[in-house]
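What follows is a short report on a single structure.
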Amino acid sequence: MFHQGDEDGTSIVYCDPKETGMMCDAVRSMGHDNMKNTLVWVSKAPMEVPEEDFEKNMDIIEALEELDDVDSIEHNMSN
């Protein structure tokens with residue numbers, strides 16, 4: 001799966017963790033040597049939550065993201 005990144009000129013490619021090496025080799029073979037390889041959790045079962053609960057959970061997530069010891073937070077909420 002391929003998505004445009006948040007910053008101009010960036011892209012996000014999702015693949016099976018077992019295929020990460022092959023994906024990196026393929027991207028490098030296209031001349032993109034400055035790529036960053038990161039594993040992330042992607043939910044296969046999004047959980048729909050009421051708007052009020054979603055907002056409360058997002059407030060908690062934002063507070064956690066402000067902590068120096070937290071690198072990233074993943075969730076499976078959708079609204």
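Ordering of the structure tokens sets the chain letters (A, B, ...), residue numbers begin anew at 1 in every chain, and ligands are numbered from 1 in the order given.
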
Next on the checklist: When DSSP is applied to the backbone of this structure, which of chain A are assigned alpha helix (DSSP H)? Write them out as a PyMOL selection string.
Outcome noted: chain A and resi 20-29+51-65

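Residue nearest Met35 in chain A within the list A:Ser78, A:Val49, A:Val13, A:Glu62: A:Val13 [criterion: smallest interatomic distance, only C-alpha atoms].
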
When DSSP is applied to the backbone of this structure, which of range 26-79 of chain A are assigned strand (DSSP E)? Write them out as a compact mmCIF listing (two decimals) with C-alpha atoms, in the first residue's frame.
# COMPACT_ATOMS: atom_id res chain seq x y z
CA MET A 47 -13.29 0.28 16.33
CA GLU A 48 -16.05 2.82 15.87
CA MET A 77 -10.44 4.16 16.82
CA SER A 78 -12.55 5.49 14.00
